Amino acid sequence: TTASVGDYELRASEAADGLPVIDAIDDGLTTAQRATTETSLAQQPAMIEFFASQFGAYPFNSYGSIVDDDSVGYALETQTRPVYSRVAREGTVAHELAHQWFGNAVSPERWQDIWLNEGWATYLSWLWLEENGGATVQSQFDDVMAIPAESSFWDLAIADPGPTGLFAGAVYDRGAATLHALRTKIGDAAFFAGARLWLERYDDGTATTEDFEAVYEEASGQDLSEFFDIWLRQPTKPTSW
């Protein structure tokens, strides 16, 4: 349960299936912050419809956002009501909405499994950008793979990043790249079937990276142990998989 106290303007709308979307926007936002926020939040019903078409029905009974004139400096995927500090930008809104499926409906069993939250949420924001005529998912993957092999970015094994690496950039971007590499390896049909199976099997519960690997081996009918070892457990840049 989330409680937020402030001078908010409440706005109610609906997604295509009638899902209530209730936003709370702090009246202390600047004109520029409010303009960006309103444009971004207006996309929420379309985002919900798009993500549901790919991954199954939105897993809760309402949605909305809280945009606070605070000094926290980050957004948080609070269940059904993400919180944004001062401004909500479209890419961040897509990311926090994605967490309702990946992170809130199914949560990591251990902190070391955090890539299952952040990798998926980043990947869904890539999907949303492509859906709306922006950079393709492949080009966003290519941007990650353009990071030089000697960069410290590749030094982190994202399946167990350690307490100081939980929110490192690689957990987000290498996590998303892992998912795209998996998609290209097993094909769209198995990839999206695996995502739905993951969400159905562990809905309202927790799961581990090992559970995730088992789901995708089941969905694809392939032995993916080498793939996951390269992408999740080796602190080097993947070159073949």
# chains A, B, ... in the order shown; residues from 1 in each chain; ligands from 1

call {"tool": "residues_around", "arguments": {"residues": "A:Glu217", "least_positions_apart": "3", "cutoff": "12 Å", "atoms": "only C-alpha atoms", "output": "PyMOL selection string"}}
result
chain A and resi 182+185-186+190-191+193-195+197-198+210-214+220-228

call {"tool": "write_last_selection", "arguments": {"atoms": "N, CA and C atoms", "output": "compact mmCIF listing (two decimals), in the first residue's frame"}}
result
# COMPACT_ATOMS: atom_id res chain seq x y z
N LEU A 182 18.39 -13.49 -26.28
CA LEU A 182 17.59 -14.69 -26.11
C LEU A 182 16.48 -14.75 -27.17
N LYS A 185 17.86 -15.74 -30.45
CA LYS A 185 18.33 -17.13 -30.46
C LYS A 185 17.18 -18.12 -30.60
N ILE A 186 16.07 -17.89 -29.89
CA ILE A 186 15.00 -18.90 -29.87
C ILE A 186 13.80 -18.51 -30.73
N ALA A 190 8.73 -18.48 -29.31
CA ALA A 190 9.17 -19.08 -28.05
C ALA A 190 9.48 -18.01 -27.02
N PHE A 191 10.02 -16.87 -27.47
CA PHE A 191 10.37 -15.81 -26.53
C PHE A 191 9.14 -15.26 -25.81
N ALA A 193 6.13 -16.63 -25.71
CA ALA A 193 5.47 -17.72 -24.98
C ALA A 193 6.15 -17.94 -23.64
N GLY A 194 7.48 -17.85 -23.61
CA GLY A 194 8.22 -18.00 -22.37
C GLY A 194 7.90 -16.90 -21.37
N ALA A 195 7.77 -15.67 -21.87
CA ALA A 195 7.44 -14.55 -20.99
C ALA A 195 6.07 -14.75 -20.36
N LEU A 197 4.50 -17.62 -19.95
CA LEU A 197 4.59 -18.76 -19.04
C LEU A 197 5.21 -18.34 -17.71
N TRP A 198 6.25 -17.54 -17.76
CA TRP A 198 6.90 -17.01 -16.56
C TRP A 198 5.90 -16.25 -15.69
N GLU A 210 17.39 -19.07 -11.86
CA GLU A 210 17.35 -20.47 -12.26
C GLU A 210 15.94 -20.89 -12.70
N ASP A 211 14.92 -20.37 -12.02
CA ASP A 211 13.54 -20.63 -12.43
C ASP A 211 13.29 -20.06 -13.83
N PHE A 212 13.83 -18.88 -14.08
CA PHE A 212 13.67 -18.22 -15.37
C PHE A 212 14.31 -19.06 -16.48
N GLU A 213 15.50 -19.54 -16.22
CA GLU A 213 16.19 -20.37 -17.21
C GLU A 213 15.36 -21.62 -17.51
N ALA A 214 14.81 -22.25 -16.49
CA ALA A 214 14.01 -23.46 -16.69
C ALA A 214 12.77 -23.17 -17.53
N SER A 220 11.26 -23.11 -25.19
CA SER A 220 12.00 -23.21 -26.44
C SER A 220 12.33 -24.64 -26.85
N GLY A 221 12.32 -25.56 -25.87
CA GLY A 221 12.75 -26.91 -26.14
C GLY A 221 14.24 -27.02 -26.39
N GLN A 222 15.01 -26.03 -25.91
CA GLN A 222 16.45 -26.01 -26.13
C GLN A 222 17.20 -26.03 -24.80
N ASP A 223 18.42 -26.53 -24.85
CA ASP A 223 19.33 -26.42 -23.73
C ASP A 223 20.00 -25.05 -23.81
N LEU A 224 19.69 -24.18 -22.88
CA LEU A 224 20.17 -22.80 -22.93
C LEU A 224 21.20 -22.51 -21.84
N SER A 225 21.75 -23.58 -21.26
CA SER A 225 22.68 -23.38 -20.14
C SER A 225 23.90 -22.57 -20.56
N GLU A 226 24.47 -22.85 -21.72
CA GLU A 226 25.64 -22.10 -22.18
C GLU A 226 25.28 -20.65 -22.46
N PHE A 227 24.13 -20.42 -23.09
CA PHE A 227 23.68 -19.06 -23.36
C PHE A 227 23.58 -18.25 -22.08
N PHE A 228 22.90 -18.79 -21.09
CA PHE A 228 22.70 -18.04 -19.85
C PHE A 228 24.02 -17.87 -19.08

call {"tool": "select_by_dssp", "arguments": {"residues": "stretch 70-239 of chain A", "states": "alpha helix (DSSP H)", "output": "MDAnalysis selection string"}}
result
chainID A and resid 90:101 115:131 137:145 169:186 188:201 209:220 225:228

call {"tool": "closest_residue", "arguments": {"among": "A:Ile22, A:Ala149, A:Val83, A:Leu232", "to": "A:Thr2", "atoms": "only C-alpha atoms"}}
result
A:Val83

call {"tool": "residues_around", "arguments": {"residues": "A:Ala15", "least_positions_apart": "2", "cutoff": "12 Å", "atoms": "only C-alpha atoms", "output": "list in words"}}
result
Ala12, Ser13, Asp17, Gly18, Leu19, Pro20, Val21, Ile22, Leu41, Ala42, Gln43, Gln44, Pro45, Ala46, Met47, Ile48, Glu49, Phe50, Phe51, Ala52, Ala57, Tyr58, Asn61, Ser62, Tyr63 and Gly64 of chain A

call {"tool": "write_last_selection", "arguments": {"atoms": "N, CA and C atoms", "output": "compact mmCIF listing (two decimals), in the first residue's frame"}}
result
# COMPACT_ATOMS: atom_id res chain seq x y z
N ALA A 12 -8.43 11.37 -13.44
CA ALA A 12 -8.90 10.00 -13.68
C ALA A 12 -9.16 9.78 -15.17
N SER A 13 -8.72 8.64 -15.65
CA SER A 13 -8.99 8.23 -17.03
C SER A 13 -9.15 6.72 -17.02
N ASP A 17 -9.59 -1.23 -21.81
CA ASP A 17 -10.47 -2.26 -21.25
C ASP A 17 -11.26 -1.76 -20.04
N GLY A 18 -11.23 -0.46 -19.80
CA GLY A 18 -11.96 0.11 -18.68
C GLY A 18 -11.17 0.18 -17.39
N LEU A 19 -9.93 -0.24 -17.40
CA LEU A 19 -9.09 -0.18 -16.20
C LEU A 19 -8.96 1.26 -15.72
N PRO A 20 -9.27 1.55 -14.44
CA PRO A 20 -9.13 2.91 -13.93
C PRO A 20 -7.66 3.33 -13.87
N VAL A 21 -7.37 4.53 -14.34
CA VAL A 21 -6.03 5.11 -14.28
C VAL A 21 -6.16 6.44 -13.53
N ILE A 22 -5.58 6.51 -12.34
CA ILE A 22 -5.73 7.70 -11.48
C ILE A 22 -4.35 8.28 -11.21
N LEU A 41 2.21 11.02 -19.19
CA LEU A 41 1.14 10.26 -18.53
C LEU A 41 -0.04 10.01 -19.46
N ALA A 42 -0.22 10.87 -20.44
CA ALA A 42 -1.29 10.65 -21.41
C ALA A 42 -1.08 9.38 -22.22
N GLN A 43 0.16 8.87 -22.25
CA GLN A 43 0.48 7.66 -22.99
C GLN A 43 0.18 6.38 -22.20
N GLN A 44 -0.13 6.52 -20.91
CA GLN A 44 -0.29 5.32 -20.08
C GLN A 44 -1.34 4.33 -20.60
N PRO A 45 -2.55 4.77 -20.98
CA PRO A 45 -3.53 3.79 -21.48
C PRO A 45 -3.01 3.02 -22.70
N ALA A 46 -2.34 3.71 -23.62
CA ALA A 46 -1.80 3.04 -24.80
C ALA A 46 -0.68 2.08 -24.42
N MET A 47 0.14 2.46 -23.45
CA MET A 47 1.21 1.57 -22.99
C MET A 47 0.62 0.31 -22.37
N ILE A 48 -0.39 0.48 -21.54
CA ILE A 48 -1.03 -0.68 -20.90
C ILE A 48 -1.57 -1.62 -21.95
N GLU A 49 -2.25 -1.08 -22.94
CA GLU A 49 -2.83 -1.90 -24.00
C GLU A 49 -1.73 -2.63 -24.77
N PHE A 50 -0.64 -1.96 -25.09
CA PHE A 50 0.44 -2.57 -25.84
C PHE A 50 1.13 -3.67 -25.04
N PHE A 51 1.49 -3.39 -23.80
CA PHE A 51 2.16 -4.40 -22.98
C PHE A 51 1.25 -5.61 -22.74
N ALA A 52 -0.03 -5.35 -22.54
CA ALA A 52 -0.97 -6.45 -22.34
C ALA A 52 -1.07 -7.33 -23.58
N ALA A 57 -2.76 -9.84 -19.72
CA ALA A 57 -3.53 -8.76 -19.10
C ALA A 57 -2.76 -8.07 -17.98
N TYR A 58 -2.96 -6.76 -17.86
CA TYR A 58 -2.40 -6.00 -16.74
C TYR A 58 -2.78 -6.72 -15.44
N ASN A 61 -5.88 -4.21 -10.50
CA ASN A 61 -7.22 -3.71 -10.83
C ASN A 61 -7.29 -2.20 -11.00
N SER A 62 -6.15 -1.52 -10.95
CA SER A 62 -6.12 -0.09 -11.26
C SER A 62 -4.67 0.30 -11.52
N TYR A 63 -4.49 1.50 -12.04
CA TYR A 63 -3.14 2.00 -12.28
C TYR A 63 -3.16 3.52 -12.12
N GLY A 64 -1.99 4.11 -12.24
CA GLY A 64 -1.86 5.56 -12.13
C GLY A 64 -0.47 5.92 -11.67

call {"tool": "closest_residue", "arguments": {"among": "A:Met145, A:Gly187, A:Val137, A:Glu96", "to": "A:Ser240", "atoms": "only C-alpha atoms"}}
result
A:Met145

call {"tool": "residues_around", "arguments": {"residues": "A:Ser4", "least_positions_apart": "2", "cutoff": "10 Å", "atoms": "only C-alpha atoms", "output": "list in words"}}
result
Thr2, Gly6, Asp7, Tyr8, Ala24, Ile66, Val67, Asp68 and Val83 of chain A

call {"tool": "closest_residue", "arguments": {"among": "A:Ala16, A:Leu129, A:Ala219, A:Ala121", "to": "A:Ala177", "atoms": "only C-alpha atoms"}}
result
A:Ala121

call {"tool": "residues_around", "arguments": {"residues": "A:Ala168", "least_positions_apart": "5", "cutoff": "12 Å", "atoms": "only C-alpha atoms", "output": "JSON, numbers by chain"}}
result
{"A": [114, 115, 118, 119, 152, 153, 154, 155, 156, 157, 158, 160, 161, 162, 163, 173, 174, 175]}

call {"tool": "closest_residue", "arguments": {"among": "A:Asp204, A:Asp142, A:Glu77, A:Asp69", "to": "A:Asp26", "atoms": "only C-alpha atoms"}}
result
A:Asp69

call {"tool": "closest_residue", "arguments": {"among": "A:Ser85, A:His180, A:Arg110, A:Gly103", "to": "A:Thr136", "atoms": "only C-alpha atoms"}}
result
A:His180

call {"tool": "closest_residue", "arguments": {"among": "A:Ala146, A:Leu199, A:Ala98, A:Leu166", "to": "A:Leu127", "atoms": "only C-alpha atoms"}}
result
A:Ala98

call {"tool": "atom_distance", "arguments": {"atom1": "atom CA of A:Ala105", "atom2": "atom CA of A:Gly205"}}
result
7.1 Å

call {"tool": "residues_around", "arguments": {"residues": "A:Thr1", "least_positions_apart": "2", "cutoff": "9 Å", "atoms": "only C-alpha atoms", "output": "mmCIF file with all heavy atoms, in the first residue's frame"}}
result
data_model
loop_
_atom_site.group_PDB
_atom_site.id
_atom_site.type_symbol
_atom_site.label_atom_id
_atom_site.label_comp_id
_atom_site.auth_asym_id
_atom_site.auth_seq_id
_atom_site.Cartn_x
_atom_site.Cartn_y
_atom_site.Cartn_z
ATOM 1 N N ALA A 3 0.984 5.407 0.458
ATOM 2 C CA ALA A 3 0.324 6.625 0.915
ATOM 3 C C ALA A 3 1.235 7.801 0.591
ATOM 4 O O ALA A 3 2.421 7.788 0.919
ATOM 5 C CB ALA A 3 0.055 6.572 2.410
ATOM 6 N N THR A 78 6.302 1.554 -7.447
ATOM 7 C CA THR A 78 5.334 1.226 -6.418
ATOM 8 C C THR A 78 4.107 0.542 -7.040
ATOM 9 O O THR A 78 3.560 1.028 -8.020
ATOM 10 C CB THR A 78 4.885 2.502 -5.688
ATOM 11 O OG1 THR A 78 6.038 3.289 -5.396
ATOM 12 C CG2 THR A 78 4.158 2.169 -4.416
ATOM 13 N N GLN A 79 3.704 -0.567 -6.475
ATOM 14 C CA GLN A 79 2.654 -1.389 -7.091
ATOM 15 C C GLN A 79 1.385 -0.580 -7.347
ATOM 16 O O GLN A 79 0.787 -0.015 -6.429
ATOM 17 C CB GLN A 79 2.343 -2.579 -6.191
ATOM 18 C CG GLN A 79 1.387 -3.588 -6.805
ATOM 19 C CD GLN A 79 1.366 -4.884 -6.022
ATOM 20 O OE1 GLN A 79 2.369 -5.571 -5.902
ATOM 21 N NE2 GLN A 79 0.203 -5.216 -5.470
#

call {"tool": "residues_around", "arguments": {"residues": "A:Gly73", "least_positions_apart": "2", "cutoff": "8 Å", "atoms": "only C-alpha atoms", "output": "PyMOL selection string"}}
result
chain A and resi 70-71+75+85-86
